[in-house]
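Q: The structure file structure-v4.tsv (TSV, C-alpha atoms and all ligand atoms) is provided below.
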```tsv
chain	number	residue	atom	x	y	z
K	1	MET	CA	0.00	0.00	0.00
K	2	THR	CA	2.95	2.31	0.61
K	3	ASN	CA	4.88	3.39	-2.44
K	4	THR	CA	7.66	5.59	-3.69
K	5	PRO	CA	6.26	8.25	-6.03
K	6	GLY	CA	6.87	7.77	-9.71
K	7	THR	CA	8.12	4.20	-9.51
K	8	GLU	CA	5.07	2.31	-10.71
K	9	GLU	CA	2.16	3.13	-12.99
K	10	VAL	CA	-1.07	2.45	-11.13
K	11	VAL	CA	-3.65	3.95	-13.50
K	12	ARG	CA	-3.26	4.53	-17.22
K	13	VAL	CA	-6.22	5.71	-19.27
K	14	ARG	CA	-6.08	6.63	-22.94
K	15	GLY	CA	-8.90	8.02	-25.04
K	16	LEU	CA	-11.72	7.09	-22.66
K	17	ARG	CA	-15.16	7.81	-24.08
K	18	LYS	CA	-18.57	7.25	-22.54
K	19	SER	CA	-22.00	8.42	-23.67
K	20	TYR	CA	-25.40	8.13	-22.09
K	21	ALA	CA	-28.38	8.23	-24.44
K	22	GLY	CA	-26.24	9.72	-27.19
K	23	ARG	CA	-24.81	12.41	-24.91
K	24	THR	CA	-21.02	12.32	-24.51
K	25	VAL	CA	-20.07	12.65	-20.84
K	26	VAL	CA	-16.45	11.48	-21.03
K	27	ASP	CA	-14.79	12.67	-24.20
K	28	GLY	CA	-11.38	11.20	-25.03
K	29	LEU	CA	-9.92	11.39	-21.53
K	30	ASP	CA	-6.30	10.51	-20.73
K	31	LEU	CA	-5.30	9.99	-17.10
K	32	ASP	CA	-2.19	8.67	-15.34
K	33	VAL	CA	-1.68	7.96	-11.66
K	34	ASP	CA	1.71	6.77	-10.44
K	35	ALA	CA	2.36	4.91	-7.22
K	36	GLY	CA	2.49	7.18	-4.19
K	37	GLU	CA	0.65	10.07	-5.82
K	38	VAL	CA	-2.50	11.71	-4.52
K	39	VAL	CA	-4.16	12.79	-7.76
K	40	GLY	CA	-7.18	15.05	-7.62
K	41	LEU	CA	-9.73	14.70	-10.39
K	42	ILE	CA	-11.51	18.02	-10.24
K	43	GLY	CA	-14.32	19.67	-12.11
K	44	ALA	CA	-17.79	21.03	-11.61
K	45	ASN	CA	-20.96	18.94	-11.35
K	46	GLY	CA	-21.45	16.88	-14.48
K	47	ALA	CA	-17.83	17.13	-15.66
K	48	GLY	CA	-17.62	13.33	-15.91
K	49	LYS	CA	-15.48	12.63	-12.84
K	50	THR	CA	-17.65	9.93	-11.29
K	51	THR	CA	-18.25	8.25	-14.65
K	52	THR	CA	-14.48	8.11	-15.11
K	53	VAL	CA	-13.80	6.47	-11.74
K	54	GLU	CA	-16.73	4.10	-12.29
K	55	CYS	CA	-15.04	2.97	-15.52
K	56	LEU	CA	-11.75	2.52	-13.62
K	57	GLN	CA	-13.49	0.15	-11.20
K	58	GLY	CA	-15.40	-1.82	-13.79
K	59	LEU	CA	-18.72	-0.42	-12.50
K	60	CYS	CA	-19.47	1.11	-15.86
K	61	HIS	CA	-18.30	0.07	-19.33
K	62	PRO	CA	-16.67	2.66	-21.57
K	63	ASP	CA	-17.68	3.00	-25.21
K	64	SER	CA	-14.02	3.14	-26.23
K	65	GLY	CA	-10.55	3.76	-24.88
K	66	VAL	CA	-7.90	1.81	-23.04
K	67	ILE	CA	-7.88	1.47	-19.25
K	68	SER	CA	-5.26	-0.23	-17.16
K	69	VAL	CA	-5.57	-0.24	-13.37
K	70	LEU	CA	-2.73	-2.06	-11.62
K	71	GLY	CA	-2.23	-3.99	-14.83
K	72	CYS	CA	-5.89	-5.09	-15.05
K	73	ASP	CA	-8.53	-4.20	-17.60
K	74	PRO	CA	-11.48	-3.28	-15.35
K	75	ALA	CA	-13.98	-4.49	-17.95
K	76	HIS	CA	-12.65	-8.04	-17.64
K	77	ASP	CA	-10.73	-8.32	-14.36
K	78	VAL	CA	-13.21	-6.73	-11.99
K	79	ALA	CA	-12.96	-9.49	-9.37
K	80	ARG	CA	-9.17	-9.27	-9.26
K	81	LEU	CA	-9.32	-5.49	-9.19
K	82	ARG	CA	-11.62	-5.53	-6.18
K	83	THR	CA	-8.87	-7.15	-4.13
K	84	MET	CA	-6.45	-4.33	-5.00
K	85	VAL	CA	-8.60	-1.17	-5.00
K	86	GLY	CA	-10.24	0.32	-1.94
K	87	SER	CA	-13.00	2.80	-2.61
K	88	GLN	CA	-15.35	5.19	-0.94
K	89	LEU	CA	-17.95	6.01	-3.53
K	90	GLN	CA	-20.23	9.02	-3.75
K	91	ASP	CA	-23.39	8.33	-1.70
K	92	SER	CA	-21.81	5.38	0.12
K	93	GLY	CA	-24.03	4.01	2.86
K	94	LEU	CA	-24.31	1.19	5.40
K	95	PRO	CA	-27.33	-0.26	7.24
K	96	ASP	CA	-28.33	2.04	10.09
K	97	ARG	CA	-28.03	-0.60	12.79
K	98	LEU	CA	-24.73	-2.05	11.69
K	99	ARG	CA	-22.08	-1.34	14.32
K	100	VAL	CA	-18.65	-0.04	13.38
K	101	GLY	CA	-16.94	-3.24	14.54
K	102	GLU	CA	-19.45	-5.34	12.60
K	103	ALA	CA	-18.78	-3.33	9.45
K	104	LEU	CA	-15.07	-4.10	9.81
K	105	ALA	CA	-15.80	-7.81	10.17
K	106	LEU	CA	-18.18	-7.72	7.20
K	107	PHE	CA	-15.71	-6.04	4.85
K	108	ALA	CA	-12.52	-7.82	5.96
K	109	THR	CA	-10.99	-10.35	3.58
K	110	GLY	CA	-8.06	-12.67	4.19
K	111	ARG	CA	-5.74	-9.77	3.38
K	112	ALA	CA	-7.22	-7.44	5.97
K	113	ARG	CA	-5.17	-5.27	8.28
K	114	ASP	CA	-5.94	-5.02	11.98
K	115	GLY	CA	-9.19	-3.05	12.00
K	116	ASP	CA	-8.60	-1.77	15.53
K	117	ASP	CA	-5.34	-0.16	14.44
K	118	LEU	CA	-7.16	1.61	11.64
K	119	LEU	CA	-9.96	2.75	13.97
K	120	ALA	CA	-7.31	4.20	16.27
K	121	GLN	CA	-5.50	5.86	13.36
K	122	PHE	CA	-8.69	7.62	12.27
K	123	GLY	CA	-9.98	8.47	15.77
K	124	LEU	CA	-12.84	5.97	15.83
K	125	THR	CA	-11.81	3.60	18.62
K	126	GLU	CA	-14.52	4.95	20.95
K	127	ARG	CA	-17.14	4.35	18.26
K	128	ARG	CA	-16.38	0.64	17.73
K	129	ARG	CA	-19.71	-0.44	19.28
K	130	SER	CA	-21.74	2.43	17.82
K	131	ALA	CA	-24.41	1.90	15.16
K	132	PHE	CA	-23.76	3.50	11.78
K	133	ALA	CA	-26.85	5.72	12.16
K	134	SER	CA	-25.44	7.29	15.32
K	135	LEU	CA	-22.20	8.44	13.70
K	136	SER	CA	-21.71	12.07	12.71
K	137	GLY	CA	-21.09	12.91	9.05
K	138	GLY	CA	-17.35	13.23	9.65
K	139	GLU	CA	-17.23	9.93	11.56
K	140	ARG	CA	-19.08	8.18	8.73
K	141	GLN	CA	-16.60	9.43	6.18
K	142	ARG	CA	-13.68	8.41	8.37
K	143	LEU	CA	-15.29	4.96	8.70
K	144	PHE	CA	-15.52	4.74	4.90
K	145	LEU	CA	-11.83	5.61	4.76
K	146	VAL	CA	-11.10	2.82	7.25
K	147	LEU	CA	-13.13	0.35	5.16
K	148	ALA	CA	-11.43	1.53	1.96
K	149	LEU	CA	-8.02	0.85	3.56
K	150	LEU	CA	-8.93	-2.35	5.41
K	151	ASN	CA	-7.84	-4.88	2.81
K	152	ARG	CA	-4.43	-3.31	2.05
K	153	PRO	CA	-5.42	-1.77	-1.30
K	154	ARG	CA	-2.76	-0.63	-3.74
K	155	LEU	CA	-5.04	2.18	-4.93
K	156	VAL	CA	-7.66	4.10	-2.95
K	157	ILE	CA	-10.45	5.94	-4.79
K	158	LEU	CA	-12.31	8.62	-2.83
K	159	ASP	CA	-15.32	10.31	-4.47
K	160	GLU	CA	-16.62	13.55	-2.91
K	161	LEU	CA	-15.36	12.52	0.49
K	162	THR	CA	-16.22	15.72	2.31
K	163	GLN	CA	-19.48	16.62	0.57
K	164	GLY	CA	-21.99	17.99	3.06
K	165	LEU	CA	-19.63	18.02	6.04
K	166	ASP	CA	-19.37	20.99	8.38
K	167	PRO	CA	-15.99	22.79	8.51
K	168	ALA	CA	-14.74	20.94	11.60
K	169	ALA	CA	-15.66	17.50	10.22
K	170	ARG	CA	-14.12	18.46	6.90
K	171	ARG	CA	-10.89	19.41	8.62
K	172	ASP	CA	-10.80	16.02	10.41
K	173	VAL	CA	-11.36	14.14	7.14
K	174	TRP	CA	-8.67	16.23	5.42
K	175	ALA	CA	-6.28	15.29	8.22
K	176	ALA	CA	-7.14	11.62	7.64
K	177	VAL	CA	-6.42	11.91	3.89
K	178	ALA	CA	-3.22	13.82	4.63
K	179	GLN	CA	-2.12	10.82	6.73
K	180	LEU	CA	-2.64	8.59	3.69
K	181	ARG	CA	-0.69	10.99	1.49
K	182	ASP	CA	2.18	11.21	3.96
K	183	SER	CA	2.36	7.42	4.23
K	184	GLY	CA	2.75	7.10	0.44
K	185	THR	CA	-0.67	5.58	-0.28
K	186	THR	CA	-1.78	6.00	-3.90
K	187	VAL	CA	-5.04	7.94	-3.93
K	188	LEU	CA	-7.37	9.14	-6.68
K	189	LEU	CA	-9.47	11.86	-5.08
K	190	VAL	CA	-12.58	13.05	-6.91
K	191	THR	CA	-13.73	16.46	-5.79
K	192	HIS	CA	-15.22	19.75	-6.87
K	193	GLU	CA	-13.79	21.43	-3.77
K	194	LEU	CA	-10.77	23.25	-5.13
K	195	ASP	CA	-9.41	24.19	-1.71
K	196	GLU	CA	-9.51	20.50	-0.81
K	197	ALA	CA	-7.51	19.62	-3.90
K	198	GLU	CA	-5.01	22.38	-3.15
K	199	VAL	CA	-4.38	21.08	0.36
K	200	LEU	CA	-4.37	17.34	-0.30
K	201	CYS	CA	-3.25	16.57	-3.83
K	202	SER	CA	0.24	16.15	-5.20
K	203	ARG	CA	-1.20	16.56	-8.70
K	204	VAL	CA	-4.49	17.87	-10.00
K	205	VAL	CA	-6.28	16.94	-13.23
K	206	ALA	CA	-8.87	19.57	-14.18
K	207	MET	CA	-11.85	18.30	-16.17
K	208	ARG	CA	-14.65	20.06	-17.94
K	209	ALA	CA	-17.34	18.42	-20.05
K	210	GLY	CA	-15.59	15.06	-20.09
K	211	ARG	CA	-12.19	16.42	-21.13
K	212	VAL	CA	-8.94	17.17	-19.35
K	213	LEU	CA	-8.26	20.89	-19.60
K	214	ASP	CA	-4.97	21.01	-17.75
K	215	GLN	CA	-3.03	19.19	-15.08
K	216	GLY	CA	-0.09	19.72	-12.79
K	217	THR	CA	0.79	20.27	-9.17
K	218	PRO	CA	-1.47	22.79	-7.43
K	219	ARG	CA	1.48	25.20	-7.42
K	220	GLU	CA	2.03	24.78	-11.18
K	221	LEU	CA	-1.66	25.33	-11.93
K	222	MET	CA	-1.78	28.40	-9.70
K	223	ALA	CA	1.31	29.87	-11.37
K	224	ARG	CA	-0.08	29.09	-14.84
K	225	HIS	CA	-3.64	30.26	-14.39
K	226	ALA	CA	-3.45	32.83	-11.61
K	227	PRO	CA	-0.13	34.58	-12.00
K	228	SER	CA	-1.31	37.93	-10.62
K	229	THR	CA	-0.65	39.29	-7.14
K	230	THR	CA	-1.74	42.34	-5.23
K	231	ILE	CA	0.52	44.03	-2.69
K	232	SER	CA	-0.92	46.82	-0.57
K	233	PHE	CA	0.22	48.96	2.34
K	234	GLY	CA	-0.75	52.21	4.08
K	235	ALA	CA	-0.02	55.35	2.05
K	236	THR	CA	1.76	56.94	4.98
K	237	LEU	CA	5.35	56.54	3.82
K	238	ARG	CA	7.62	59.53	3.11
K	239	ASP	CA	8.13	60.68	-0.49
K	240	LEU	CA	4.99	58.85	-1.62
K	241	ASP	CA	5.02	60.24	-5.16
K	242	SER	CA	8.61	59.19	-5.70
K	243	LEU	CA	7.88	55.75	-4.22
K	244	VAL	CA	4.88	55.24	-6.52
K	245	ALA	CA	6.94	56.27	-9.55
K	246	ALA	CA	9.74	53.90	-8.56
K	247	LEU	CA	7.32	51.00	-8.01
K	248	ARG	CA	5.80	51.55	-11.46
K	249	GLY	CA	9.19	50.94	-13.04
K	250	LEU	CA	9.90	47.65	-11.28
K	251	PRO	CA	9.95	44.28	-13.12
K	252	GLY	CA	6.62	42.46	-12.95
K	253	VAL	CA	4.63	45.49	-11.77
K	254	VAL	CA	1.58	46.18	-13.95
K	255	GLU	CA	-0.23	48.92	-12.07
K	256	VAL	CA	0.30	51.09	-8.99
K	257	GLY	CA	-2.45	53.22	-7.46
K	258	VAL	CA	-3.35	54.93	-4.23
K	259	ALA	CA	-6.88	54.29	-3.00
K	260	ALA	CA	-8.62	54.53	0.37
K	261	GLY	CA	-5.37	55.47	2.08
K	262	ARG	CA	-3.42	52.50	0.71
K	263	VAL	CA	-0.86	51.98	-2.01
K	264	VAL	CA	-2.02	49.11	-4.20
K	265	VAL	CA	0.52	47.39	-6.45
K	266	ARG	CA	-0.71	44.85	-8.99
K	267	GLY	CA	1.61	42.62	-10.94
K	268	ASP	CA	2.88	39.12	-11.38
K	269	ARG	CA	4.73	37.04	-8.81
K	270	VAL	CA	8.08	38.39	-9.95
K	271	SER	CA	7.02	41.82	-8.67
K	272	ILE	CA	6.96	40.63	-5.05
K	273	PRO	CA	10.70	40.55	-4.31
K	274	TYR	CA	11.30	43.75	-6.32
K	275	VAL	CA	8.64	45.69	-4.41
K	276	GLY	CA	10.01	44.34	-1.12
K	277	ALA	CA	13.56	45.25	-2.10
K	278	GLU	CA	12.54	48.79	-3.10
K	279	LEU	CA	10.83	49.35	0.24
K	280	VAL	CA	13.82	48.00	2.14
K	281	ARG	CA	16.20	50.08	0.03
K	282	ARG	CA	14.25	53.20	1.01
K	283	GLY	CA	14.45	52.19	4.66
K	284	GLU	CA	10.66	52.17	4.96
K	285	VAL	CA	9.12	48.78	5.55
K	286	PRO	CA	5.38	49.27	6.04
K	287	PRO	CA	4.07	47.49	9.13
K	288	ASP	CA	0.69	46.89	7.49
K	289	LEU	CA	1.74	45.25	4.20
K	290	ASP	CA	-0.75	42.72	2.73
K	291	LEU	CA	-0.05	40.24	-0.04
K	292	GLU	CA	-2.88	38.59	-1.99
K	293	LEU	CA	-2.05	35.49	-4.03
K	294	PRO	CA	-4.94	33.61	-5.65
K	295	GLY	CA	-5.25	29.99	-4.50
K	296	LEU	CA	-6.31	27.05	-6.64
K	297	THR	CA	-9.93	28.26	-6.52
K	298	GLY	CA	-8.97	31.62	-8.00
K	299	ALA	CA	-6.72	29.94	-10.54
K	300	LEU	CA	-9.14	27.34	-11.83
K	301	LEU	CA	-12.33	29.38	-11.83
K	302	SER	CA	-10.91	31.10	-14.89
K	303	LEU	CA	-10.06	27.71	-16.40
K	304	LEU	CA	-13.31	25.94	-15.67
K	305	GLU	CA	-15.68	28.83	-16.23
K	306	PRO	CA	-14.79	30.23	-19.64
K	307	PRO	CA	-17.18	32.60	-21.42
K	308	ALA	CA	-19.98	30.49	-22.93
K	309	ALA	CA	-18.91	31.58	-26.41
K	310	THR	CA	-15.52	29.89	-26.03
K	311	ALA	CA	-16.79	26.66	-24.48
K	312	PRO	CA	-15.80	23.63	-26.54
K	313	SER	CA	-18.43	22.03	-28.73
K	314	GLY	CA	-19.62	18.43	-28.47
K	315	ALA	CA	-19.73	17.26	-24.89
K	316	ALA	CA	-19.57	20.75	-23.48
K	317	SER	CA	-22.51	22.00	-25.42
K	318	SER	CA	-24.70	19.09	-24.43
K	319	ALA	CA	-23.52	18.49	-20.88
K	320	ALA	CA	-25.31	19.61	-17.76
K	321	PRO	CA	-24.41	23.06	-16.40
K	322	THR	CA	-20.83	22.92	-15.19
K	323	THR	CA	-20.02	26.17	-13.49
K	324	LEU	CA	-18.16	25.87	-10.24
K	325	THR	CA	-20.58	28.23	-8.61
K	326	GLN	CA	-23.36	25.83	-9.44
K	327	ALA	CA	-21.15	23.01	-8.23
K	328	GLY	CA	-20.99	24.65	-4.82
K	329	ALA	CA	-17.24	24.86	-5.12
K	330	VAL	CA	-17.11	28.55	-4.42
K	331	ARG	CA	-17.65	29.53	-0.87
B	1	LIG	P1	-20.73	15.41	-9.79
B	1	LIG	O1	-19.66	16.30	-9.24
B	1	LIG	O2	-22.06	16.05	-9.79
B	1	LIG	O3	-20.72	14.05	-9.21
B	1	LIG	P2	-19.34	14.38	-12.09
B	1	LIG	O4	-18.26	15.22	-12.63
B	1	LIG	O5	-18.94	13.25	-11.22
B	1	LIG	O6	-20.40	15.28	-11.36
B	1	LIG	P3	-20.77	12.41	-13.60
B	1	LIG	O7	-21.50	11.93	-12.39
B	1	LIG	O8	-19.74	11.54	-14.17
B	1	LIG	O9	-20.16	13.86	-13.34
B	1	LIG	O10	-21.87	12.74	-14.68
B	1	LIG	C1	-21.52	13.26	-15.97
B	1	LIG	C2	-22.80	13.39	-16.76
B	1	LIG	O11	-23.28	12.09	-17.06
B	1	LIG	C3	-23.90	14.10	-16.00
B	1	LIG	O12	-24.57	14.96	-16.88
B	1	LIG	C4	-24.79	12.98	-15.54
B	1	LIG	O13	-26.11	13.39	-15.45
B	1	LIG	C5	-24.62	11.94	-16.63
B	1	LIG	N1	-24.77	10.58	-16.14
B	1	LIG	C6	-24.00	9.98	-15.21
B	1	LIG	N2	-24.41	8.71	-15.00
B	1	LIG	C7	-25.47	8.52	-15.83
B	1	LIG	C8	-26.34	7.39	-16.09
B	1	LIG	N3	-26.18	6.23	-15.46
B	1	LIG	N4	-27.30	7.57	-16.99
B	1	LIG	C9	-27.47	8.74	-17.68
B	1	LIG	N5	-26.68	9.81	-17.47
B	1	LIG	C10	-25.70	9.71	-16.57
```
Could you quickly redo this structure as C-alpha cells?
A:
Amino acid sequence: MTNTPGTEEVVRVRGLRKSYAGRTVVDGLDLDVDAGEVVGLIGANGAGKTTTVECLQGLCHPDSGVISVLGCDPAHDVARLRTMVGSQLQDSGLPDRLRVGEALALFATGRARDGDDLLAQFGLTERRRSAFASLSGGERQRLFLVLALLNRPRLVILDELTQGLDPAARRDVWAAVAQLRDSGTTVLLVTHELDEAEVLCSRVVAMRAGRVLDQGTPRELMARHAPSTTISFGATLRDLDSLVAALRGLPGVVEVGVAAGRVVVRGDRVSIPYVGAELVRRGEVPPDLDLELPGLTGALLSLLEPPAATAPSGAASSAAPTTLTQAGAVR
C-alpha cells in the first residue's frame, strides 16, 4: 500500500469515451496515476469525474478507450481489481443498525489489516460499538476511509469525500487523507472542492465536459492560471510620489495606485521581491503590508468557467451546467 512516487504506474487511461443516451459525458480522456501520488480529479458537477472512476473500477463500461488499473482491464478483471482497489464512492451508505466493529468484520478479507489499528488511526476507537446511524457525518466518512483501507489496497479511490460536512468535520477528514498521502498511499481523489484539492493533492487533473483541460501540481496550476498578485500597504510613507513612480518601473509590476489610504501594487509574482527590495532600500518597511495570491480556486475558476462563447463544442454543449458556482465549489 505504501509506495515511492513515480516508480510504478497504477492507473493509465487513454482516449476514454462514454456516452449516455447519445450524450457524450467522457470525451477522449487521458489519465495517469503513479504509485504514491495523490491525484485530484476536479471539475464542476457533471464534468464526468464519477463516470471516469466508475469505468476505472469496472462499475461502468466505456464505449471506447484503453484502461489499465494495476495492470488489469477493469472491464474483464473486476474481481481481481476488487482485491487491490479500496473505494469510498459518492453516496456510500451502510445499514443504520450495523455497528462499526461489525462493518469491519463484514468487509474484511483474508488480506485485511488489523481493524482496531485503523480505527485508532482515524480516531474511531470509541465508536467501535456504535451503530452507523449514530455516527456524525465526519465519523461516517472516516469509517468509509477505514473500510477503503482495510484490505491493504494498492489504490484508494475517494469520491466527494467531504461533501456535506461541516468545517470541523471536513478538517478532520482532510487530516485523515493527509495521513494517507504522507504514508505514500496511492489515492485518486474526486472532488469539486478546489481548496480540498489544493491542500491534499500532489497533482491535480482539471476536467470540464468530459475532457482534461490542464493538469499539474497545485502550485504549477496556480502559477499558470493565476499569476497575478496584489501588494498593498498604508499610504503613509515619506516621499509617496517618488515611491509610486519607482514601483511603477519595477519588473513584474503592472499597475500602482493609491486608493482609500493605501498603495495598491498589482503585478505578477516576480514583482513581489522587487517591491520588497525597493521598500527595504528606502528604509521604509510598512508594518501593514498585505499580499494577496490567488489559490487554486482563484486559478481554476478562470479555467473551468470560460465565457460560454468559447466553451468547446460536443460534450460541453450538451452536458449539464458545469459552473463551479453551481457546483458549490465557491464559498
Ligand atoms: P458530480 O460532481 O455532480 O458528481 P461528475 O463530474 O462526477 O459530477 P458524472 O457523475 O460523471 O459527473 O456525470 C456526468 C454526466 O453524465 C452528468 O450529466 C450525468 O447526469 C450523466 N450521467 C451519469 N451517469 C449517468 C447514467 N447512469 N445515466 C445517464 N446519465 C448519466
Q: Nearest residue to ligand LIG 1 (chain B) out of K:Val212, K:Val85, K:Val13, K:Leu291, using all atoms listed in the file?
A: K:Val212
Q: Which one is closest to Cys55 in chain K: K:Leu70, K:Val270, K:Val78, K:Val39? Count all atoms listed in the file.
A: K:Val78
Q: Please identify every residue of chain K that has at least one atom no farther than 9 Å from an atom of ligand LIG 1 (chain B), counting all atoms listed in the file, and for each give the shortest atom pair and the distance in Å to one decimal, arranged by chain then increasing number, as CSV.
A:
```
residue,atom,partner,partner_atom,distance
K:Lys18,CA,B:LIG1,O11,8.7
K:Ser19,CA,B:LIG1,O11,7.7
K:Tyr20,CA,B:LIG1,C9,4.9
K:Ala21,CA,B:LIG1,C9,6.8
K:Arg23,CA,B:LIG1,O11,8.0
K:Thr24,CA,B:LIG1,O11,7.8
K:Val25,CA,B:LIG1,C2,5.0
K:Val26,CA,B:LIG1,C1,7.4
K:Leu41,CA,B:LIG1,O4,8.8
K:Ile42,CA,B:LIG1,O4,7.7
K:Gly43,CA,B:LIG1,O4,6.0
K:Ala44,CA,B:LIG1,O1,5.6
K:Asn45,CA,B:LIG1,O2,3.5
K:Gly46,CA,B:LIG1,O9,3.5
K:Ala47,CA,B:LIG1,O4,3.6
K:Gly48,CA,B:LIG1,O8,3.3
K:Lys49,CA,B:LIG1,O4,3.8
K:Thr50,CA,B:LIG1,O5,3.6
K:Thr51,CA,B:LIG1,O8,3.6
K:Thr52,CA,B:LIG1,O8,6.3
K:Val53,CA,B:LIG1,O8,8.2
K:Glu54,CA,B:LIG1,O8,8.2
K:Cys60,CA,B:LIG1,N3,8.4
K:Gln90,CA,B:LIG1,O3,7.4
K:Asp159,CA,B:LIG1,O3,8.1
K:Glu160,CA,B:LIG1,O3,7.5
K:Val190,CA,B:LIG1,O5,7.7
K:Thr191,CA,B:LIG1,O1,6.9
K:His192,CA,B:LIG1,O1,6.1
K:Met207,CA,B:LIG1,O4,7.9
K:Arg208,CA,B:LIG1,O4,8.0
K:Ala209,CA,B:LIG1,C1,7.8
K:Gly210,CA,B:LIG1,C1,7.4
K:Ser318,CA,B:LIG1,O12,8.6
K:Ala319,CA,B:LIG1,O12,5.4
K:Ala320,CA,B:LIG1,O12,4.8
K:Pro321,CA,B:LIG1,O12,8.1
K:Thr322,CA,B:LIG1,O4,8.5
K:Ala327,CA,B:LIG1,O1,6.9
```
Q: What's the separation between CA of Val10 in chain K and CA of Leu155 in chain K, in Å to one decimal place?
A: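 So the two atoms, CA of Val10 in chain K and CA of Leu155 in chain K, lie 7.4 Å apart.
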Q: Using Å and a single decimal, report how far CA of Asp239 in chain K sits from CA of Glu284 in chain K.
A: 10.4 Å
Q: Which of these residues is nearest to Ala168 in chain K, using only C-alpha atoms: K:Glu139, K:Glu220, K:Glu198, K:Asp268?
A: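 Nearest candidate to Ala168 in chain K out of K:Glu139, K:Glu220, K:Glu198, K:Asp268: K:Glu139.
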Q: Please identify all polymer residues lying at most 12 Å from the point (-4.9, 7.1, -27.0) (file coordinates), using only C-alpha atoms, and present the result as a PDB file with C-alpha atoms, in the coordinates of the input.
A:
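See part.pdb below for the written result:
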```pdb
ATOM      1  CA  ARG K  12      -3.260   4.530 -17.220  1.00  0.00           C
ATOM      2  CA  VAL K  13      -6.220   5.710 -19.270  1.00  0.00           C
ATOM      3  CA  ARG K  14      -6.080   6.630 -22.940  1.00  0.00           C
ATOM      4  CA  GLY K  15      -8.900   8.020 -25.040  1.00  0.00           C
ATOM      5  CA  LEU K  16     -11.720   7.090 -22.660  1.00  0.00           C
ATOM      6  CA  ARG K  17     -15.160   7.810 -24.080  1.00  0.00           C
ATOM      7  CA  ASP K  27     -14.790  12.670 -24.200  1.00  0.00           C
ATOM      8  CA  GLY K  28     -11.380  11.200 -25.030  1.00  0.00           C
ATOM      9  CA  LEU K  29      -9.920  11.390 -21.530  1.00  0.00           C
ATOM     10  CA  ASP K  30      -6.300  10.510 -20.730  1.00  0.00           C
ATOM     11  CA  LEU K  31      -5.300   9.990 -17.100  1.00  0.00           C
ATOM     12  CA  SER K  64     -14.020   3.140 -26.230  1.00  0.00           C
ATOM     13  CA  GLY K  65     -10.550   3.760 -24.880  1.00  0.00           C
ATOM     14  CA  VAL K  66      -7.900   1.810 -23.040  1.00  0.00           C
ATOM     15  CA  ILE K  67      -7.880   1.470 -19.250  1.00  0.00           C
TER      16      ILE K  67
END
```
Q: Kindly indicate which residue among K:Leu200, K:Glu255, K:Pro273, K:Ser242 lies nearest to Leu296 in chain K, using only C-alpha atoms for the distances.
A: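 Nearest candidate to Leu296 in chain K out of K:Leu200, K:Glu255, K:Pro273, K:Ser242: K:Leu200.
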Q: Counting all atoms listed in the file, what is within 6 Å of range 97-107 of chain K, bar same-chain residues fewer than 2 positions away, as an NGL selection string?
A: :K and (95 or 128-132)
Q: Would you mind reading off the distance between CA of Glu37 in chain K and CA of Leu59 in chain K, one decimal, in Å?
A: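 The value is 23.0 Å.
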Q: Find the residues around Asp172 in chain K up to 9 Å (all atoms listed in the file counted), leave out those fewer than 2 positions away in its own chain, and share them as a list of chain:residue names.
A: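 Final neighbour list, sorted by chain and number: K:Phe122, K:Gly138, K:Glu139, K:Arg142, K:Pro167, K:Ala168, K:Ala169, K:Arg170, K:Trp174, K:Ala175, K:Ala176, K:Val177.
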Q: Of the candidates K:Glu8, K:Arg203, K:Ala79, K:Val256, which shows the shortest atom-to-atom distance to Asp241 in chain K, using only C-alpha atoms?
A: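 Closest candidate: K:Val256.
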Q: Smallest atom-to-atom distance to Arg82 in chain K: which of K:Val156, K:Ala245, K:Leu240, K:Leu194, using only C-alpha atoms?
A: K:Val156
Q: Taking (-2.7, 9.6, 3.2) as a centre in this file's frame and 12 Å as the limit, can you find every polymer residue with an atom that close, using only C-alpha atoms, and give them as JSON, numbers by chain?
A: {"K": [1, 2, 3, 36, 37, 38, 39, 121, 122, 145, 146, 148, 149, 155, 156, 157, 158, 173, 174, 175, 176, 177, 178, 179, 180, 181, 182, 183, 184, 185, 186, 187, 188, 189, 199, 200, 201, 202]}
Q: Given 3 Å on each side, where is the centre and what are the edge lengths in Å to one decimal of the axis-aligned box enclosing the listed atoms of range 107-113 of chain K, as JSON?
A:
```
{"center_x": -10.4, "center_y": -9.0, "center_z": 5.8, "size_x": 16.5, "size_y": 13.4, "size_z": 10.9}
```
